[in-house]
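Data block below; observations after.
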Amino acid sequence: MARTPRKPIQKDDALTWAGYALPVLGGLLGVAHVNIYHMDFINPVWAVGGGAILGWVAARVIRKVLG
């Protein structure tokens with residue numbers, strides 16, 4: 001039985017990618033924020049963790065909206 005070729009990028013592939021990429025991007029933006037706006041009273045772990053959580057929330061919202 002011959003396999004049918006797949007389309008290069010499908011919606012499920014993009015949604016799966018978003019679930020991994022957006023929390024990482026949020027963490028990186030947290031690192032950038034800490035390095036650009038140096039404040040002594042903010043723990044960098046909170047900024048990175050908060051960015052990752054916000055990225056995770058954004059990924060969940062996108063997955064919910066798109067299907």
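Every chain in the structure tokens has a letter given in the order shown (A, B, ...), and although residue numbers restart at 1 in each chain, ligands are simply numbered from 1 in the order shown.
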
Give the alpha helix (DSSP H) residues of chain A, as assigned by DSSP on the backbone, as a ChimeraX atom specification.
-> /A:11-36,44-66

With a distance cut-off of 10 Å and only C-alpha atoms, select the neighbouring residues of range 9-12 of chain A, excluding the residue or stretch itself and same-chain residues fewer than 3 positions from it, and output the selection as a compact mmCIF listing (two decimals) with N, CA and C atoms, in the first residue's frame.
# COMPACT_ATOMS: atom_id res chain seq x y z
N ARG A 6 2.02 13.90 2.43
CA ARG A 6 1.42 14.87 3.32
C ARG A 6 1.67 16.28 2.83
N LEU A 15 -0.26 24.27 15.48
CA LEU A 15 -0.75 24.36 16.85
C LEU A 15 0.17 23.64 17.83
N THR A 16 0.71 22.51 17.41
CA THR A 16 1.66 21.79 18.25
C THR A 16 2.93 22.62 18.43
N TRP A 17 3.40 23.22 17.35
CA TRP A 17 4.59 24.06 17.41
C TRP A 17 4.36 25.25 18.35
N ALA A 18 3.18 25.85 18.28
CA ALA A 18 2.88 27.01 19.12
C ALA A 18 2.89 26.63 20.60
N ARG A 63 -4.78 27.85 20.63
CA ARG A 63 -5.29 26.51 20.34
C ARG A 63 -6.80 26.45 20.49
N LEU A 66 -8.36 28.43 17.41
CA LEU A 66 -8.18 27.80 16.10
C LEU A 66 -8.70 26.37 16.03
N GLY A 67 -8.96 25.78 17.16
CA GLY A 67 -9.57 24.47 17.04
C GLY A 67 -8.98 23.43 17.88

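Within 9 Å of range 27-43 of chain A there are Gly49, Gly50, Gly51, Ala52, Ile53, Leu54 and Gly55 of chain A, counting only C-alpha atoms and ignoring same-chain residues fewer than 6 positions away.
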
Suppose we keep C-alpha atoms; can you now write the selection as a compact mmCIF listing (two decimals), in the first residue's frame?
# COMPACT_ATOMS: atom_id res chain seq x y z
CA GLY A 49 8.78 32.16 34.83
CA GLY A 50 6.08 34.76 34.33
CA GLY A 51 7.01 35.12 30.67
CA ALA A 52 6.87 31.35 30.20
CA ILE A 53 3.46 31.16 31.88
CA LEU A 54 2.14 34.01 29.75
CA GLY A 55 3.47 32.24 26.66

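Going from CA of Val24 in chain A to CA of Val61 in chain A covers 16.0 Å.
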
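With CA of Ala59 in chain A on one side and CA of Pro23 in chain A on the other, the separation reads 7.7 Å.
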
Of the candidates A:Ala21, A:Val65, A:Pro8, A:Gly26, which shows the shortest atom-to-atom distance to Ala47 in chain A, using only C-alpha atoms?
-> A:Gly26

From the set A:Gly19, A:Val48, A:Leu25, A:Lys7, which residue has the shortest atom-to-atom contact distance to Ile62 in chain A, counting only C-alpha atoms?
-> A:Gly19
